[in-house]
Amino acid sequence: MRAMKIARVLVYQHDLEVAGGLYEMSTSEVANLDTTVVVLETSDGTLGFGETCPLGPTYQPQHALGARAAIAEVAPAILGLDPRQPGVVYEAMNQALSGSVYGKSAIDVACWDLSGKAYGARVADLLGGAHRDRIPSYYGVMPASPEACAAKATELVAAGFGRIQVKCGARSLNEDIDTVRAVAAAVPPQTLLLADANRGWTQRQAINFSQATRDIALALEQPCDSLADHYAIAGKVCHPIFLDESADSIANIMDAVSSGLAQGFGMKISRVGGLTPMATVRDIAAARRIPHTVDDTWGGDILAASCVHMAASCLPSQHEGTWISEPYTSRAYPMISSPITNTDGWIDLPSGPGLGVEPDLGAWGEPLVTYS
């Protein structure tokens with residue numbers, strides 16, 4: 001086997017615009033996203049791509065400048081390493097920097113992309129194999145009147161989406177209750193329905209909401225701020241708890257599974273640190289038959305492709321869907337290959353080696369920084 005070493009780390013930045021003006025959550029709203037793309041160049045000139053795109057600077061502690069600062073710390077430590085050994089690369093990053101896994105995630109994904117190109121295989125195949133070549137997606141309904149949300153949900157189900165996430169927490173609790181009731185009445189009973197408060201409810205509000213909607217089949221996605229909040233409401237709510245923002249490490253996820261706190265997870269690849277740790281989360285979920293999604297906080301085609309490859313490697317019985325930002329983005333970065341798109345509630349797995357997507361770096365100009 002020929003040698004393959006990381007010779008250069010190139011870092012690019014790109015702005016992603018939100019279609020329609022704003023993406024709204026209970027605790028924040030964003031109009032533009034700052035995404036960071038990492039390119040690993042090997043000694044033979046092969047390029048591997050990774051990306052990390054926090055959902056603005058106030059959604060969680062992760063932010064774009066922090067990602068690039070983390071990459072600056074770890075990039076010198078991975079030069080000369082073989083990207084086909086992502087575990088070895090990851091340990092070198094951990095030795096260079098504690099935490100900041102969302103920055104390390106972009107490098108980890110780029111290693112998997114290079115591995116696929118080296119072996120002539122898709123990333124999904126390297127992750128254990130693709131159970132399917134089309135991945136179900138889901139959609140988040142933004143805060144609006146109950147009637148408008150119900151109409152939007154009806155439109156989405158007709159378009160092929162089988163899982164609807166209703167954003168809550170940005171208005172009064174009674175409005176949240178009325179909205180979820182209107183949506184539940186408008187969609188078929190087999191639709192997977194979630195009330196996603198994005199950490200916006202207090203413990204009392206989460207309990208009251210669940211008690212008031214106990215006759216509706218739904219899940220509560222990250223209703224409260226912290227893990228401690230969710231332990232406090234467990235047993236007092238009438239619905240399954242899906243952790244999202246609190247599912248930020250393998251250790252937390254294992255504790256939530258073993259304690260019975262979480263009945264599902266909204267998983268973000270960059271939040272746990274990339275495809276390498278996400279594969280462990282996938283296997284934990286499979287072992288305990290815990291449903292989960294495979295998403296990321298935002299990003300362009302590189303992040304979307306990494307989500308789809310990981311989702312394809314998950315057991316269909318555990319994978320509830322993959323959210324990508326493409327339907328919400330009005331301007332992404334230039335691509336040479338076909339972009340990742342959501343069509344009728346489904347996303348096709350790219351067929352080429354590695355991630356199967358190739359950004360048009362020639363249209364991007366010079367990188368922000370190069371490490372060599």
# chains A, B, ... in the order shown; residues from 1 in each chain; ligands from 1

$ residues_around --residues "region 266-274 of chain A" --least-positions-apart "6" --cutoff "9 Å" --atoms "only C-alpha atoms" --output "PyMOL selection string"
chain A and resi 51-54+62+100-109+221-222+242-245+247-250+281+291-297+303+306-307+310

$ residues_around --residues "Leu156 (chain A)" --least-positions-apart "3" --cutoff "10 Å" --atoms "only C-alpha atoms" --output "number ranges by chain"
A: 138-141, 150-153, 159-164, 187, 344-345

$ write_last_selection --atoms "C-alpha atoms" --output "mmCIF file, in the first residue's frame"
data_model
loop_
_atom_site.group_PDB
_atom_site.id
_atom_site.type_symbol
_atom_site.label_atom_id
_atom_site.label_comp_id
_atom_site.auth_asym_id
_atom_site.auth_seq_id
_atom_site.Cartn_x
_atom_site.Cartn_y
_atom_site.Cartn_z
ATOM 1 C CA TYR A 138 -37.457 15.529 8.217
ATOM 2 C CA TYR A 139 -38.436 19.174 8.436
ATOM 3 C CA GLY A 140 -38.719 21.790 11.176
ATOM 4 C CA VAL A 141 -41.794 24.040 11.169
ATOM 5 C CA ALA A 150 -50.794 23.239 10.523
ATOM 6 C CA ALA A 151 -50.944 24.320 6.871
ATOM 7 C CA LYS A 152 -47.158 24.050 6.569
ATOM 8 C CA ALA A 153 -47.133 20.599 8.165
ATOM 9 C CA ALA A 159 -44.358 16.457 -0.148
ATOM 10 C CA GLY A 160 -43.089 13.215 1.389
ATOM 11 C CA PHE A 161 -41.853 14.109 4.878
ATOM 12 C CA GLY A 162 -42.820 11.519 7.477
ATOM 13 C CA ARG A 163 -41.315 13.324 10.477
ATOM 14 C CA ILE A 164 -42.314 16.856 11.468
ATOM 15 C CA VAL A 187 -51.221 15.340 9.744
ATOM 16 C CA ASP A 344 -39.723 14.693 -1.650
ATOM 17 C CA GLY A 345 -38.474 14.084 1.876
#

$ residues_around --residues "Lys5 (chain A)" --least-positions-apart "6" --cutoff "9 Å" --atoms "only C-alpha atoms" --output "number ranges by chain"
A: 41-44, 79-84

$ write_last_selection --atoms "N, CA and C atoms" --output "compact mmCIF listing (two decimals), in the first residue's frame"
# COMPACT_ATOMS: atom_id res chain seq x y z
N GLU A 41 -4.58 18.19 2.29
CA GLU A 41 -3.86 17.82 1.07
C GLU A 41 -2.74 16.84 1.43
N THR A 42 -2.71 15.71 0.74
CA THR A 42 -1.70 14.72 1.03
C THR A 42 -0.46 14.94 0.17
N SER A 43 0.58 14.18 0.46
CA SER A 43 1.85 14.35 -0.25
C SER A 43 1.74 14.02 -1.73
N ASP A 44 0.72 13.25 -2.13
CA ASP A 44 0.53 12.96 -3.56
C ASP A 44 -0.49 13.89 -4.20
N LEU A 79 0.18 17.06 10.81
CA LEU A 79 1.02 17.02 9.60
C LEU A 79 1.92 15.80 9.65
N GLY A 80 2.00 15.10 8.52
CA GLY A 80 2.81 13.90 8.43
C GLY A 80 2.09 12.62 8.81
N LEU A 81 0.87 12.72 9.35
CA LEU A 81 0.12 11.53 9.72
C LEU A 81 -0.64 10.96 8.53
N ASP A 82 -1.01 9.70 8.64
CA ASP A 82 -1.76 9.02 7.59
C ASP A 82 -3.26 9.25 7.81
N PRO A 83 -3.94 9.94 6.90
CA PRO A 83 -5.37 10.23 7.11
C PRO A 83 -6.24 8.98 7.05
N ARG A 84 -5.70 7.88 6.55
CA ARG A 84 -6.46 6.63 6.50
C ARG A 84 -6.55 5.99 7.89

$ residues_around --residues "Met93 (chain A)" --least-positions-apart "6" --cutoff "8 Å" --atoms "only C-alpha atoms" --output "list of chain:residue names"
A:Val74, A:Ala75, A:Ala77, A:Ile78, A:Lys104

$ write_last_selection --atoms "N, CA and C atoms" --output "PDB file, in the first residue's frame"
ATOM      1  N   VAL A  74      -4.647  22.387  16.411  1.00  0.00           N
ATOM      2  CA  VAL A  74      -4.407  20.959  16.141  1.00  0.00           C
ATOM      3  C   VAL A  74      -3.745  20.698  14.791  1.00  0.00           C
ATOM      4  N   ALA A  75      -3.853  21.643  13.845  1.00  0.00           N
ATOM      5  CA  ALA A  75      -3.333  21.394  12.498  1.00  0.00           C
ATOM      6  C   ALA A  75      -1.849  21.011  12.491  1.00  0.00           C
ATOM      7  N   ALA A  77      -0.177  19.419  14.591  1.00  0.00           N
ATOM      8  CA  ALA A  77       0.007  18.103  15.197  1.00  0.00           C
ATOM      9  C   ALA A  77      -0.343  16.955  14.266  1.00  0.00           C
ATOM     10  N   ILE A  78      -1.094  17.227  13.192  1.00  0.00           N
ATOM     11  CA  ILE A  78      -1.511  16.128  12.312  1.00  0.00           C
ATOM     12  C   ILE A  78      -0.689  16.065  11.028  1.00  0.00           C
ATOM     13  N   LYS A 104     -12.387  19.961  15.662  1.00  0.00           N
ATOM     14  CA  LYS A 104     -11.736  18.716  15.256  1.00  0.00           C
ATOM     15  C   LYS A 104     -12.588  17.931  14.260  1.00  0.00           C
TER      16      LYS A 104
END

$ closest_residue --among "A:Glu91, A:Ala130, A:Ala186, A:Ala363" --to "Ala148 (chain A)" --atoms "only C-alpha atoms"
A:Ala186

$ residues_around --residues "Gly116 (chain A)" --least-positions-apart "5" --cutoff "8 Å" --atoms "only C-alpha atoms" --output "MDAnalysis selection string"
chainID A and resid 121:123 126 353:355

$ write_last_selection --atoms "N, CA and C atoms" --output "tab-separated table (two decimals), in the first residue's frame"
chain	number	residue	atom	x	y	z
A	121	ALA	N	-13.70	3.73	-2.20
A	121	ALA	CA	-14.95	3.33	-1.55
A	121	ALA	C	-15.68	4.56	-1.02
A	122	ARG	N	-16.98	4.43	-0.89
A	122	ARG	CA	-17.76	5.49	-0.26
A	122	ARG	C	-17.49	5.50	1.24
A	123	VAL	N	-17.63	6.66	1.85
A	123	VAL	CA	-17.47	6.75	3.31
A	123	VAL	C	-18.46	5.81	4.00
A	126	LEU	N	-17.01	2.42	4.29
A	126	LEU	CA	-15.97	2.33	5.31
A	126	LEU	C	-16.55	2.33	6.71
A	353	PRO	N	-16.36	8.01	-4.68
A	353	PRO	CA	-15.52	7.61	-3.55
A	353	PRO	C	-15.44	8.72	-2.51
A	354	GLY	N	-15.13	8.33	-1.28
A	354	GLY	CA	-15.10	9.31	-0.20
A	354	GLY	C	-16.49	9.85	0.07
A	355	LEU	N	-16.58	11.15	0.31
A	355	LEU	CA	-17.88	11.78	0.52
A	355	LEU	C	-18.69	11.89	-0.77

$ select_by_dssp --residues "region 218-291 of chain A" --states "strand (DSSP E or B)" --output "ChimeraX atom specification"
/A:219-221,241-243,264-268

$ residues_around --residues "Phe209 (chain A)" --least-positions-apart "5" --cutoff "9 Å" --atoms "only C-alpha atoms" --output "count of residues only"
7

$ residues_around --residues "Gly169 (chain A)" --least-positions-apart "3" --cutoff "7 Å" --atoms "only C-alpha atoms" --output "list in words"
Ser26, Ala197, Gly200 and Trp201 of chain A

$ write_last_selection --atoms "C-alpha atoms" --output "PDB file, in the first residue's frame"
ATOM      1  CA  SER A  26     -36.700  29.562  21.066  1.00  0.00           C
ATOM      2  CA  ALA A 197     -38.219  23.687  22.352  1.00  0.00           C
ATOM      3  CA  GLY A 200     -36.487  27.113  25.728  1.00  0.00           C
ATOM      4  CA  TRP A 201     -38.844  25.685  28.380  1.00  0.00           C
TER       5      TRP A 201
END

$ closest_residue --among "A:Asn252, A:Gln263, A:Ser372, A:Ser317" --to "Leu40 (chain A)" --atoms "only C-alpha atoms"
A:Ser372

$ atom_distance --atom1 "CA of Tyr59 (chain A)" --atom2 "CA of Leu33 (chain A)"
11.8 Å

$ atom_distance --atom1 "CA of Ala251 (chain A)" --atom2 "CA of Met278 (chain A)"
12.2 Å

$ decode --residues "region 317-348 of chain A" --atoms "N, CA and C atoms" --output "tab-separated table (two decimals), in the first residue's frame"
chain	number	residue	atom	x	y	z
A	317	SER	N	-34.13	0.81	11.34
A	317	SER	CA	-35.06	0.77	12.47
A	317	SER	C	-34.69	1.75	13.57
A	318	GLN	N	-33.42	2.20	13.61
A	318	GLN	CA	-32.99	3.16	14.62
A	318	GLN	C	-32.90	4.59	14.07
A	319	HIS	N	-32.69	4.71	12.75
A	319	HIS	CA	-32.49	6.04	12.16
A	319	HIS	C	-33.85	6.66	11.83
A	320	GLU	N	-34.16	7.82	12.46
A	320	GLU	CA	-35.47	8.45	12.26
A	320	GLU	C	-35.47	9.52	11.18
A	321	GLY	N	-34.32	9.85	10.66
A	321	GLY	CA	-34.28	10.87	9.61
A	321	GLY	C	-33.01	11.69	9.69
A	322	THR	N	-32.75	12.41	8.62
A	322	THR	CA	-31.58	13.29	8.55
A	322	THR	C	-32.03	14.66	8.09
A	323	TRP	N	-31.74	15.66	8.90
A	323	TRP	CA	-32.02	17.05	8.56
A	323	TRP	C	-30.79	17.63	7.89
A	324	ILE	N	-30.99	18.30	6.76
A	324	ILE	CA	-29.92	19.07	6.14
A	324	ILE	C	-30.43	20.49	5.92
A	325	SER	N	-29.50	21.44	5.84
A	325	SER	CA	-29.90	22.85	5.78
A	325	SER	C	-30.24	23.30	4.36
A	326	GLU	N	-30.05	22.44	3.38
A	326	GLU	CA	-30.26	22.85	1.98
A	326	GLU	C	-31.63	23.49	1.72
A	327	PRO	N	-32.75	22.96	2.27
A	327	PRO	CA	-34.03	23.62	2.00
A	327	PRO	C	-34.15	25.01	2.62
A	328	TYR	N	-33.28	25.30	3.60
A	328	TYR	CA	-33.36	26.57	4.31
A	328	TYR	C	-32.29	27.57	3.85
A	329	THR	N	-31.45	27.18	2.91
A	329	THR	CA	-30.31	28.00	2.51
A	329	THR	C	-30.54	28.57	1.12
A	330	SER	N	-30.42	29.89	0.99
A	330	SER	CA	-30.64	30.53	-0.31
A	330	SER	C	-29.36	30.63	-1.13
A	331	ARG	N	-28.21	30.61	-0.45
A	331	ARG	CA	-26.95	30.70	-1.20
A	331	ARG	C	-25.90	29.85	-0.48
A	332	ALA	N	-25.46	28.79	-1.15
A	332	ALA	CA	-24.42	27.94	-0.60
A	332	ALA	C	-23.11	28.21	-1.35
A	333	TYR	N	-22.10	27.41	-1.10
A	333	TYR	CA	-20.83	27.63	-1.79
A	333	TYR	C	-20.78	26.87	-3.11
A	334	PRO	N	-19.94	27.31	-4.04
A	334	PRO	CA	-19.89	26.68	-5.38
A	334	PRO	C	-19.39	25.24	-5.31
A	335	MET	N	-20.03	24.37	-6.09
A	335	MET	CA	-19.65	22.97	-6.13
A	335	MET	C	-19.30	22.55	-7.56
A	336	ILE	N	-18.36	21.62	-7.67
A	336	ILE	CA	-18.08	20.98	-8.96
A	336	ILE	C	-19.02	19.80	-9.15
A	337	SER	N	-19.19	19.00	-8.10
A	337	SER	CA	-20.09	17.84	-8.17
A	337	SER	C	-21.52	18.28	-7.89
A	338	SER	N	-22.44	17.34	-8.03
A	338	SER	CA	-23.85	17.65	-7.79
A	338	SER	C	-24.07	17.93	-6.31
A	339	PRO	N	-24.83	18.96	-5.97
A	339	PRO	CA	-25.09	19.27	-4.57
A	339	PRO	C	-26.00	18.22	-3.92
A	340	ILE	N	-25.97	18.17	-2.60
A	340	ILE	CA	-26.85	17.29	-1.83
A	340	ILE	C	-28.19	18.00	-1.69
A	341	THR	N	-29.26	17.36	-2.13
A	341	THR	CA	-30.57	18.00	-2.11
A	341	THR	C	-31.60	17.11	-1.43
A	342	ASN	N	-32.60	17.75	-0.89
A	342	ASN	CA	-33.73	17.08	-0.26
A	342	ASN	C	-34.87	17.05	-1.28
A	343	THR	N	-35.22	15.87	-1.75
A	343	THR	CA	-36.25	15.73	-2.77
A	343	THR	C	-37.37	14.85	-2.25
A	344	ASP	N	-38.55	15.43	-2.11
A	344	ASP	CA	-39.72	14.69	-1.65
A	344	ASP	C	-39.47	13.98	-0.33
A	345	GLY	N	-38.71	14.65	0.56
A	345	GLY	CA	-38.47	14.08	1.88
A	345	GLY	C	-37.39	13.02	1.93
A	346	TRP	N	-36.62	12.88	0.84
A	346	TRP	CA	-35.56	11.89	0.79
A	346	TRP	C	-34.28	12.52	0.25
A	347	ILE	N	-33.13	11.96	0.67
A	347	ILE	CA	-31.82	12.45	0.24
A	347	ILE	C	-31.03	11.28	-0.32
A	348	ASP	N	-30.51	11.43	-1.53
A	348	ASP	CA	-29.73	10.37	-2.15
A	348	ASP	C	-28.31	10.33	-1.61
